>>> print(open('coords-v4.tsv').read())   # TSV, C-alpha atoms and all ligand atoms
chain	number	residue	atom	x	y	z
J	1	MET	CA	-6.15	29.28	43.16
J	2	ALA	CA	-4.20	27.34	45.81
J	3	ALA	CA	-2.84	24.04	44.51
J	4	SER	CA	-3.33	22.23	47.80
J	5	ARG	CA	-6.91	23.17	48.64
J	6	THR	CA	-9.22	20.27	49.42
J	7	LEU	CA	-12.17	19.81	47.11
J	8	THR	CA	-15.52	18.18	47.50
J	9	THR	CA	-16.71	15.82	44.79
J	10	PHE	CA	-18.16	17.82	41.90
J	11	ARG	CA	-20.78	16.77	39.35
J	12	LEU	CA	-22.00	18.93	36.50
J	13	PRO	CA	-25.71	19.82	36.72
J	14	PRO	CA	-28.03	18.39	34.03
J	15	LEU	CA	-27.04	19.91	30.66
J	16	PRO	CA	-28.09	19.55	27.03
J	17	THR	CA	-26.42	16.49	25.45
J	18	ILE	CA	-23.34	16.99	23.24
J	19	ARG	CA	-25.54	16.19	20.24
J	20	GLU	CA	-27.93	18.98	21.30
J	21	ILE	CA	-25.00	21.37	21.84
J	22	ILE	CA	-23.79	20.59	18.31
J	23	LYS	CA	-27.26	21.37	16.95
J	24	LEU	CA	-27.82	24.43	19.14
J	25	PHE	CA	-24.55	26.11	18.14
J	26	ARG	CA	-24.45	24.67	14.59
J	27	LEU	CA	-21.14	22.91	15.19
J	28	GLN	CA	-21.02	20.70	12.11
J	29	ALA	CA	-17.59	19.06	11.87
J	30	VAL	CA	-15.30	20.68	9.31
J	31	LYS	CA	-13.88	17.87	7.19
J	32	GLN	CA	-10.76	19.84	6.20
J	33	LEU	CA	-9.96	20.27	9.91
J	34	SER	CA	-10.41	16.51	10.55
J	35	GLN	CA	-12.95	17.18	13.25
J	36	ASN	CA	-14.35	13.90	14.60
J	37	PHE	CA	-16.37	14.20	17.79
J	38	LEU	CA	-16.95	11.79	20.65
J	39	LEU	CA	-20.58	12.03	21.74
J	40	ASP	CA	-20.70	8.94	23.97
J	41	LEU	CA	-20.01	10.09	27.52
J	42	LYS	CA	-19.28	6.49	28.62
J	43	LEU	CA	-16.30	6.55	26.24
J	44	THR	CA	-15.12	10.00	27.28
J	45	ASP	CA	-15.43	8.89	30.95
J	46	LYS	CA	-13.27	5.87	30.10
J	47	ILE	CA	-10.53	8.05	28.54
J	48	VAL	CA	-10.53	10.26	31.62
J	49	ARG	CA	-10.59	7.32	34.08
J	50	LYS	CA	-7.62	5.73	32.30
J	51	ALA	CA	-5.68	9.00	32.46
J	52	GLY	CA	-5.20	8.35	36.20
J	53	ASN	CA	-6.44	9.88	39.43
J	54	LEU	CA	-7.46	13.45	38.59
J	55	THR	CA	-8.66	14.46	42.07
J	56	ASN	CA	-7.46	18.02	42.70
J	57	ALA	CA	-5.51	17.86	39.42
J	58	TYR	CA	-4.78	20.72	37.05
J	59	VAL	CA	-5.70	19.46	33.61
J	60	TYR	CA	-4.82	20.88	30.20
J	61	GLU	CA	-7.23	19.64	27.54
J	62	VAL	CA	-6.17	20.20	23.96
J	63	GLY	CA	-8.89	20.59	21.32
J	64	PRO	CA	-12.07	20.28	23.45
J	65	GLY	CA	-14.44	20.87	20.49
J	66	PRO	CA	-18.07	20.41	21.62
J	67	GLY	CA	-16.85	19.35	25.07
J	68	GLY	CA	-17.49	15.60	25.56
J	69	ILE	CA	-14.10	14.85	27.17
J	70	THR	CA	-14.32	18.26	28.88
J	71	ARG	CA	-17.46	17.17	30.75
J	72	SER	CA	-15.85	13.92	31.88
J	73	ILE	CA	-12.78	15.80	33.15
J	74	LEU	CA	-14.96	18.28	35.06
J	75	ASN	CA	-16.80	15.37	36.69
J	76	ALA	CA	-13.49	13.89	37.90
J	77	SER	CA	-13.10	16.35	40.83
J	78	VAL	CA	-10.28	18.31	39.22
J	79	ALA	CA	-9.03	21.56	40.73
J	80	GLU	CA	-8.96	23.34	37.39
J	81	LEU	CA	-9.38	22.53	33.73
J	82	LEU	CA	-7.77	24.68	31.08
J	83	VAL	CA	-8.93	24.08	27.52
J	84	VAL	CA	-7.31	25.44	24.36
J	85	GLU	CA	-9.49	25.39	21.25
J	86	LYS	CA	-8.59	26.82	17.86
J	87	ASP	CA	-12.04	26.91	16.28
J	88	SER	CA	-14.02	29.87	17.64
J	89	ARG	CA	-17.37	28.18	16.88
J	90	PHE	CA	-16.88	25.98	19.97
J	91	ILE	CA	-16.30	28.79	22.46
J	92	PRO	CA	-20.00	29.55	23.30
J	93	GLY	CA	-20.73	25.85	24.01
J	94	LEU	CA	-17.65	25.67	26.22
J	95	GLN	CA	-18.75	28.87	27.95
J	96	MET	CA	-22.01	27.12	28.84
J	97	LEU	CA	-19.95	24.36	30.51
J	98	SER	CA	-17.90	26.97	32.32
J	99	ASP	CA	-21.09	28.55	33.72
J	100	ALA	CA	-22.17	25.11	34.95
J	101	ALA	CA	-18.82	24.58	36.73
J	102	PRO	CA	-18.05	27.96	38.30
J	103	GLY	CA	-14.34	28.69	38.77
J	104	LYS	CA	-13.23	25.37	37.31
J	105	LEU	CA	-13.04	25.78	33.54
J	106	ARG	CA	-10.70	28.24	31.86
J	107	ILE	CA	-11.21	28.62	28.11
J	108	VAL	CA	-8.51	29.83	25.76
J	109	HIS	CA	-9.25	30.46	22.11
J	110	GLY	CA	-5.83	29.60	20.71
J	111	ASP	CA	-3.50	27.07	19.13
J	112	VAL	CA	-2.01	24.18	21.14
J	113	LEU	CA	1.08	24.28	18.93
J	114	THR	CA	2.01	27.71	20.29
J	115	PHE	CA	0.19	27.96	23.63
J	116	LYS	CA	2.59	28.25	26.60
J	117	VAL	CA	1.10	25.98	29.24
J	118	GLU	CA	4.22	26.33	31.41
J	119	ARG	CA	2.89	29.74	32.47
J	120	ALA	CA	-0.71	28.69	32.93
J	121	PHE	CA	-0.78	26.80	36.24
J	122	PRO	CA	0.44	27.80	39.73
J	123	GLU	CA	4.19	27.62	40.39
J	124	SER	CA	3.45	25.64	43.54
J	125	LEU	CA	2.55	22.60	41.38
J	126	LYS	CA	6.15	22.20	40.25
J	127	ARG	CA	7.93	19.01	41.31
J	128	GLN	CA	11.53	17.91	41.02
J	129	TRP	CA	12.03	15.70	37.97
J	130	GLU	CA	12.98	12.72	40.18
J	131	ASP	CA	9.82	13.10	42.31
J	132	ASP	CA	6.46	11.52	41.58
J	133	PRO	CA	4.69	13.21	38.63
J	134	PRO	CA	3.06	16.55	39.45
J	135	ASN	CA	-0.73	16.78	39.68
J	136	VAL	CA	-0.80	18.20	36.14
J	137	HIS	CA	-2.23	16.16	33.27
J	138	ILE	CA	-2.61	16.66	29.55
J	139	ILE	CA	-5.58	15.04	27.86
J	140	GLY	CA	-6.72	15.40	24.28
J	141	ASN	CA	-8.43	14.06	21.21
J	142	LEU	CA	-6.87	16.17	18.47
J	143	PRO	CA	-6.95	15.76	14.69
J	144	PHE	CA	-4.31	13.22	13.63
J	145	SER	CA	-2.54	15.90	11.59
J	146	VAL	CA	-1.93	17.84	14.83
J	147	SER	CA	-1.38	15.05	17.36
J	148	THR	CA	1.72	13.59	15.65
J	149	PRO	CA	3.73	16.84	15.28
J	150	LEU	CA	2.57	17.82	18.75
J	151	ILE	CA	3.85	14.62	20.37
J	152	ILE	CA	7.24	15.12	18.67
J	153	LYS	CA	7.36	18.66	20.04
J	154	TRP	CA	6.36	17.45	23.51
J	155	LEU	CA	8.93	14.64	23.44
J	156	GLU	CA	11.56	17.30	22.76
J	157	ASN	CA	10.11	19.27	25.70
J	158	VAL	CA	10.43	16.12	27.87
J	159	SER	CA	14.10	15.82	26.95
J	160	GLN	CA	14.65	19.50	27.83
J	161	LYS	CA	12.33	19.47	30.86
J	162	ASP	CA	10.54	22.54	29.57
J	163	GLY	CA	7.10	23.40	28.11
J	164	PRO	CA	4.46	21.28	29.90
J	165	PHE	CA	7.33	19.46	31.64
J	166	ALA	CA	8.49	22.55	33.49
J	167	TYR	CA	6.10	21.20	36.20
J	168	GLY	CA	7.99	17.87	36.32
J	169	ARG	CA	7.05	14.58	34.72
J	170	THR	CA	3.58	15.68	33.51
J	171	GLN	CA	1.51	12.72	32.29
J	172	MET	CA	-0.28	12.79	28.94
J	173	THR	CA	-3.24	10.84	27.61
J	174	LEU	CA	-3.74	11.41	23.90
J	175	THR	CA	-5.49	9.84	20.95
J	176	PHE	CA	-3.77	8.85	17.72
J	177	GLN	CA	-4.80	7.01	14.63
J	178	GLN	CA	-4.44	3.34	15.55
J	179	GLU	CA	-1.38	2.75	13.38
J	180	VAL	CA	0.49	5.64	15.05
J	181	ALA	CA	-0.55	4.39	18.51
J	182	GLU	CA	0.91	1.00	17.58
J	183	ARG	CA	4.16	2.60	16.39
J	184	LEU	CA	4.47	4.61	19.59
J	185	THR	CA	4.28	1.44	21.68
J	186	ALA	CA	5.92	-1.09	19.31
J	187	SER	CA	8.52	-3.35	20.90
J	188	THR	CA	11.89	-4.27	19.39
J	189	GLY	CA	11.50	-6.60	16.42
J	190	SER	CA	7.80	-5.93	15.88
J	191	ARG	CA	6.32	-5.01	12.52
J	192	GLN	CA	5.33	-1.52	13.66
J	193	ARG	CA	8.73	-0.67	15.15
J	194	SER	CA	9.74	2.75	13.79
J	195	ARG	CA	11.44	6.06	14.53
J	196	LEU	CA	8.50	7.12	16.65
J	197	SER	CA	8.81	3.98	18.87
J	198	VAL	CA	12.41	4.80	19.77
J	199	MET	CA	11.89	8.55	20.13
J	200	ALA	CA	8.94	8.01	22.50
J	201	GLN	CA	10.23	5.03	24.46
J	202	HIS	CA	13.67	6.38	25.27
J	203	LEU	CA	12.01	9.31	27.04
J	204	CYS	CA	8.71	7.96	28.36
J	205	HIS	CA	6.94	4.94	29.68
J	206	VAL	CA	4.38	4.57	26.87
J	207	ARG	CA	1.20	2.50	27.17
J	208	HIS	CA	-1.49	1.80	24.57
J	209	LEU	CA	-4.54	1.99	26.85
J	210	PHE	CA	-7.32	0.89	24.51
J	211	THR	CA	-8.71	1.27	21.01
J	212	ILE	CA	-11.82	3.26	20.10
J	213	PRO	CA	-13.53	1.97	16.96
J	214	GLY	CA	-13.89	4.61	14.25
J	215	ARG	CA	-17.68	4.17	14.35
J	216	ALA	CA	-17.74	5.76	17.84
J	217	PHE	CA	-16.91	9.16	16.31
J	218	VAL	CA	-19.16	11.62	14.49
J	219	PRO	CA	-18.43	11.85	11.64
J	220	LYS	CA	-16.74	8.45	11.43
J	221	PRO	CA	-13.03	8.63	10.51
J	222	GLN	CA	-11.48	6.09	8.09
J	223	VAL	CA	-9.52	4.41	10.87
J	224	ASP	CA	-9.76	3.27	14.49
J	225	VAL	CA	-8.23	5.40	17.21
J	226	GLY	CA	-5.69	4.38	19.88
J	227	VAL	CA	-5.58	6.04	23.30
J	228	VAL	CA	-1.97	6.31	24.50
J	229	HIS	CA	-0.63	7.26	27.93
J	230	PHE	CA	2.85	8.75	28.45
J	231	THR	CA	4.77	9.15	31.70
J	232	PRO	CA	8.21	10.73	31.28
J	233	LEU	CA	11.02	8.55	32.64
J	234	VAL	CA	13.05	9.80	35.60
J	235	ARG	CA	16.18	9.01	33.61
J	236	PRO	CA	15.90	8.98	29.80
J	237	ALA	CA	17.30	5.76	28.36
J	238	ILE	CA	19.50	7.81	26.00
J	239	GLN	CA	21.36	10.67	27.65
J	240	GLN	CA	22.10	12.74	24.56
J	241	PRO	CA	20.47	15.87	23.05
J	242	PHE	CA	17.13	15.25	21.35
J	243	GLU	CA	18.43	16.48	17.99
J	244	LEU	CA	21.32	14.02	18.05
J	245	VAL	CA	19.11	11.06	18.98
J	246	GLU	CA	16.64	12.08	16.27
J	247	LYS	CA	19.42	12.17	13.68
J	248	VAL	CA	20.79	8.73	14.57
J	249	VAL	CA	17.32	7.15	14.74
J	250	GLN	CA	16.22	8.75	11.48
J	251	SER	CA	19.35	7.53	9.70
J	252	ALA	CA	19.01	4.00	11.10
J	253	PHE	CA	15.46	3.74	9.73
J	254	HIS	CA	16.37	5.32	6.40
J	255	PHE	CA	16.53	1.91	4.76
J	256	ARG	CA	13.90	0.22	6.85
J	257	ARG	CA	14.15	-3.22	5.27
J	258	LYS	CA	17.92	-3.36	4.84
J	259	TYR	CA	20.71	-4.10	7.34
J	260	CYS	CA	21.09	-1.23	9.79
J	261	HIS	CA	24.62	-0.36	8.60
J	262	ARG	CA	23.11	0.94	5.35
J	263	GLY	CA	21.01	3.63	7.01
J	264	LEU	CA	23.54	4.45	9.71
J	265	GLY	CA	26.12	5.04	6.97
J	266	MET	CA	24.06	8.09	6.00
J	267	LEU	CA	25.43	9.83	9.09
J	268	PHE	CA	28.80	10.13	7.36
J	269	PRO	CA	30.10	11.85	4.18
J	270	GLU	CA	30.63	9.44	1.33
J	271	ALA	CA	34.43	9.75	1.42
J	272	GLN	CA	34.61	8.31	4.96
J	273	ARG	CA	31.35	6.34	5.03
J	274	LEU	CA	32.65	2.77	5.16
J	275	GLU	CA	35.34	3.43	7.70
J	276	SER	CA	33.22	5.63	10.01
J	277	THR	CA	30.18	3.32	9.90
J	278	GLU	CA	32.42	0.42	10.93
J	279	LYS	CA	33.89	2.52	13.74
J	280	LEU	CA	30.38	3.46	14.94
J	281	LEU	CA	29.02	-0.07	14.89
J	282	GLN	CA	32.11	-1.62	16.47
J	283	GLY	CA	32.28	1.06	19.15
J	284	ALA	CA	28.60	0.54	19.96
J	285	ASP	CA	28.93	-3.26	19.76
J	286	VAL	CA	25.99	-3.47	17.34
J	287	ASP	CA	25.71	-6.24	14.75
J	288	PRO	CA	25.68	-4.45	11.34
J	289	THR	CA	23.32	-7.09	9.94
J	290	LEU	CA	20.48	-6.33	12.31
J	291	ARG	CA	17.49	-4.66	10.65
J	292	PRO	CA	16.54	-1.21	12.02
J	293	THR	CA	13.38	-2.71	13.54
J	294	GLN	CA	15.55	-5.17	15.52
J	295	LEU	CA	17.53	-2.42	17.26
J	296	SER	CA	16.54	-1.97	20.91
J	297	VAL	CA	16.58	1.32	22.81
J	298	SER	CA	19.82	0.19	24.44
J	299	HIS	CA	21.39	-0.43	20.99
J	300	PHE	CA	20.39	3.14	20.14
J	301	ARG	CA	21.85	4.39	23.41
J	302	SER	CA	25.26	2.89	22.49
J	303	LEU	CA	25.03	4.18	18.91
J	304	CYS	CA	24.17	7.70	20.09
J	305	ASP	CA	26.98	7.70	22.68
J	306	VAL	CA	29.59	6.63	20.11
J	307	TYR	CA	28.24	9.02	17.46
J	308	ARG	CA	28.43	11.84	20.02
J	309	LYS	CA	32.12	11.03	20.63
J	310	MET	CA	32.75	11.02	16.89
J	311	CYS	CA	31.01	14.42	16.61
J	312	ASP	CA	33.15	15.78	19.45
J	313	GLU	CA	36.28	14.64	17.58
J	314	ASP	CA	35.10	16.08	14.25
J	315	PRO	CA	33.16	19.34	14.76
J	316	HIS	CA	31.82	19.27	11.15
J	317	LEU	CA	30.29	15.84	11.44
J	318	PHE	CA	26.99	16.72	13.13
J	319	ALA	CA	26.19	19.32	10.45
J	320	TYR	CA	26.69	16.75	7.69
J	321	ASN	CA	23.47	16.13	5.80
J	322	PHE	CA	23.52	13.28	3.32
J	323	ARG	CA	20.48	14.59	1.43
J	324	GLU	CA	22.38	17.77	0.60
J	325	GLU	CA	25.37	15.73	-0.52
J	326	CYS	CA	23.04	13.58	-2.59
J	327	LYS	CA	21.53	16.63	-4.27
J	328	ARG	CA	24.98	18.01	-5.04
J	329	THR	CA	26.33	14.76	-6.46
J	330	LYS	CA	22.96	13.51	-7.82
J	331	CYS	CA	23.53	10.17	-6.09
J	332	LYS	CA	20.23	8.44	-6.85
J	333	SER	CA	21.48	5.11	-5.51
J	334	GLN	CA	21.40	6.41	-1.92
J	335	GLU	CA	17.69	7.17	-2.00
J	336	PRO	CA	15.61	4.56	-0.19
J	337	GLU	CA	13.83	1.99	-2.30
J	338	ASP	CA	10.54	2.96	-0.68
J	339	ASP	CA	10.41	6.58	0.40
J	340	ARG	CA	7.08	6.15	2.07
J	341	GLU	CA	8.60	3.61	4.47
J	342	SER	CA	11.68	5.64	5.26
J	343	SER	CA	9.91	8.93	5.81
J	344	ARG	CA	7.22	7.56	8.06
J	345	LEU	CA	7.67	8.29	11.72
P	401	LIG	N1	-12.16	16.70	21.86
P	401	LIG	C1	-13.36	16.73	21.07
P	401	LIG	C2	-14.00	15.38	21.03
P	401	LIG	O1	-13.33	14.41	21.41
P	401	LIG	O2	-15.16	15.28	20.63
P	401	LIG	C3	-13.05	17.25	19.64
P	401	LIG	C4	-12.16	16.37	18.85
P	401	LIG	S1	-11.79	16.92	17.22
P	401	LIG	C5	-10.98	15.47	16.60
P	401	LIG	C6	-10.37	17.96	17.44
P	401	LIG	C7	-10.60	19.30	18.05
P	401	LIG	O3	-9.33	19.97	18.12
P	401	LIG	C8	-11.49	20.22	17.24
P	401	LIG	O4	-12.37	20.88	18.10
P	401	LIG	C9	-10.53	21.20	16.58
P	401	LIG	O5	-11.10	22.45	16.30
P	401	LIG	C10	-9.45	21.30	17.65
P	401	LIG	N2	-8.12	21.69	17.14
P	401	LIG	C11	-7.55	21.31	15.98
P	401	LIG	N3	-6.32	21.84	15.85
P	401	LIG	C12	-6.11	22.57	16.97
P	401	LIG	C13	-5.03	23.35	17.43
P	401	LIG	N4	-3.91	23.48	16.71
P	401	LIG	N5	-5.15	23.99	18.61
P	401	LIG	C14	-6.29	23.86	19.35
P	401	LIG	N6	-7.34	23.11	18.96
P	401	LIG	C15	-7.26	22.47	17.79
>>> encode(input="coords-v4.tsv", output="structure tokens")
Amino acid sequence: MAASRTLTTFRLPPLPTIREIIKLFRLQAVKQLSQNFLLDLKLTDKIVRKAGNLTNAYVYEVGPGPGGITRSILNASVAELLVVEKDSRFIPGLQMLSDAAPGKLRIVHGDVLTFKVERAFPESLKRQWEDDPPNVHIIGNLPFSVSTPLIIKWLENVSQKDGPFAYGRTQMTLTFQQEVAERLTASTGSRQRSRLSVMAQHLCHVRHLFTIPGRAFVPKPQVDVGVVHFTPLVRPAIQQPFELVEKVVQSAFHFRRKYCHRGLGMLFPEAQRLESTEKLLQGADVDPTLRPTQLSVSHFRSLCDVYRKMCDEDPHLFAYNFREECKRTKCKSQEPEDDRESSRL
């Protein structure tokens, strides 16, 4: 299908409602799979509208389920919609949508965690990284247990310009449990500032678009849901490998409530910890008594740049893992006072 062809406005013909589709194909939500469906087409239209202008776009929808968001995307005059759904029970209902929108909906029964979208759309859609974003969009309402690991994987893809970002700066509109949406967009010094804030914001312009109350879903989840939009930055704020940034950020937040020098010290073996932490903080011009939540992306940029230099000088440093040292020496005192805090993204 040619990427540049002009399209007339498309509307789906009258179809059974999503509720009727659920009944017809016996699509009861599976609790263990955290399936929560959006049946209100006004809400699914809003998600799609907020994703940006989808005219002639190639859209990748992850986890379409009974197809509420799918319908709204098809009504947005897209060139093509590719959906990847893991649960085979949804395929016949999606097939019905495909019949109602000939040539527009491609259905893959598969797993978004392994699906290679970089091969799915025409080569001609590819843009230079510095150009405006390509006309390729990702949209999805996935289970929370999938959306968080998936966004980490996609952020790594952004940093390497591969996966969905082989097309250029592909935009994403995804749902997260409200607390995760707040962490993704949290500013320096805010209560929700976390590893995820820095990992997302150094690579993307991240916007919390709106909140969907839990009661809008069937069945109702325990929490509200945040809709978040990501546009990869032309120039990442931190110009270091993803793995290195992740290591520095993870260490900094290791002792979330303590001064940042405590967590950052975990980057170094005990024998050189004091001296190397001082060298890192001085080199990066970062006040050791700031809390991790008070560190800005530009603080992290300086920390990562200095840590990179230190790793170049000492080839064993990057492989150092304080948890392994802790296990070997049984150093209980280095474990965070509140593991739940330190391990949260
Ligand atoms: N998008 C639909 C909606 O908003 O009503 C369904 C949302 S439901 C929260 C999540 C959907 O993602 C389910 O249909 C589920 O089967 C699907 N799903 C879960 N994990 C998946 C995976 N790894 N790959 C593809 N689909 C997945």
>>> closest_residue(input="coords-v4.tsv", among="J:Thr70, J:Gln294, J:Thr148, J:Asn56", to="ligand LIG 401 (chain P)", atoms="all atoms listed in the file")
J:Thr70
>>> closest_atom_pairs(input="coords-v4.tsv", of="chain J", to="ligand LIG 401 (chain P)", cutoff="7 Å", atoms="only C-alpha atoms and all ligand atoms", output="JSON lines")
{"residue": "J:Leu33", "atom": "CA", "partner": "P:LIG401", "partner_atom": "C11", "distance": 6.6}
{"residue": "J:Ser34", "atom": "CA", "partner": "P:LIG401", "partner_atom": "C5", "distance": 6.2}
{"residue": "J:Gln35", "atom": "CA", "partner": "P:LIG401", "partner_atom": "S1", "distance": 4.1}
{"residue": "J:Asn36", "atom": "CA", "partner": "P:LIG401", "partner_atom": "C5", "distance": 4.2}
{"residue": "J:Phe37", "atom": "CA", "partner": "P:LIG401", "partner_atom": "O2", "distance": 3.3}
{"residue": "J:Leu38", "atom": "CA", "partner": "P:LIG401", "partner_atom": "O2", "distance": 3.9}
{"residue": "J:Leu39", "atom": "CA", "partner": "P:LIG401", "partner_atom": "O2", "distance": 6.4}
{"residue": "J:Val62", "atom": "CA", "partner": "P:LIG401", "partner_atom": "C14", "distance": 5.9}
{"residue": "J:Gly63", "atom": "CA", "partner": "P:LIG401", "partner_atom": "O3", "distance": 3.3}
{"residue": "J:Pro64", "atom": "CA", "partner": "P:LIG401", "partner_atom": "N1", "distance": 3.9}
{"residue": "J:Gly65", "atom": "CA", "partner": "P:LIG401", "partner_atom": "O4", "distance": 3.2}
{"residue": "J:Pro66", "atom": "CA", "partner": "P:LIG401", "partner_atom": "O2", "distance": 6.0}
{"residue": "J:Gly67", "atom": "CA", "partner": "P:LIG401", "partner_atom": "C1", "distance": 5.9}
{"residue": "J:Gly68", "atom": "CA", "partner": "P:LIG401", "partner_atom": "O2", "distance": 5.5}
{"residue": "J:Ile69", "atom": "CA", "partner": "P:LIG401", "partner_atom": "O1", "distance": 5.8}
{"residue": "J:Val84", "atom": "CA", "partner": "P:LIG401", "partner_atom": "C14", "distance": 5.4}
{"residue": "J:Glu85", "atom": "CA", "partner": "P:LIG401", "partner_atom": "N6", "distance": 3.9}
{"residue": "J:Lys86", "atom": "CA", "partner": "P:LIG401", "partner_atom": "C14", "distance": 4.0}
{"residue": "J:Asp87", "atom": "CA", "partner": "P:LIG401", "partner_atom": "O5", "distance": 4.6}
{"residue": "J:Gly110", "atom": "CA", "partner": "P:LIG401", "partner_atom": "C14", "distance": 5.9}
{"residue": "J:Asp111", "atom": "CA", "partner": "P:LIG401", "partner_atom": "N5", "distance": 3.5}
{"residue": "J:Val112", "atom": "CA", "partner": "P:LIG401", "partner_atom": "N5", "distance": 4.0}
{"residue": "J:Leu113", "atom": "CA", "partner": "P:LIG401", "partner_atom": "N4", "distance": 5.5}
{"residue": "J:Gly140", "atom": "CA", "partner": "P:LIG401", "partner_atom": "N1", "distance": 6.1}
{"residue": "J:Asn141", "atom": "CA", "partner": "P:LIG401", "partner_atom": "N1", "distance": 4.6}
{"residue": "J:Leu142", "atom": "CA", "partner": "P:LIG401", "partner_atom": "C6", "distance": 4.1}
{"residue": "J:Pro143", "atom": "CA", "partner": "P:LIG401", "partner_atom": "C5", "distance": 4.5}
{"residue": "J:Val146", "atom": "CA", "partner": "P:LIG401", "partner_atom": "N3", "distance": 6.0}
>>> closest_atom_pairs(input="coords-v4.tsv", of="stretch 45-161 of chain J", to="stretch 199-205 of chain J", cutoff="8 Å", atoms="all atoms listed in the file", output="JSON lines")
{"residue": "J:Leu155", "atom": "CA", "partner": "J:Ala200", "partner_atom": "CA", "distance": 6.7}
{"residue": "J:Val158", "atom": "CA", "partner": "J:Leu203", "partner_atom": "CA", "distance": 7.0}
{"residue": "J:Ser159", "atom": "CA", "partner": "J:Leu203", "partner_atom": "CA", "distance": 6.8}
>>> closest_residue(input="coords-v4.tsv", among="J:Phe253, J:Phe230, J:Tyr320, J:Phe10", to="J:Val206", atoms="all atoms listed in the file")
J:Phe230
>>> axis_aligned_box(input="coords-v4.tsv", around="stretch 268-272 of chain J", padding_each_side="6 Å", output="lines of an AutoDock Vina configuration file")
center_x = 31.7
center_y = 10.1
center_z = 4.3
size_x = 17.8
size_y = 15.5
size_z = 18.0
>>> residues_near_point(input="coords-v4.tsv", point="(28.5, 1.7, 9.0)", cutoff="12 Å", atoms="only C-alpha atoms", output="ChimeraX atom specification")
/J:248,251-252,259-270,272-290,303,307
>>> closest_residue(input="coords-v4.tsv", among="J:Leu196, J:Leu54, J:Val249, J:Leu244", to="J:Ile152", atoms="only C-alpha atoms")
J:Leu196
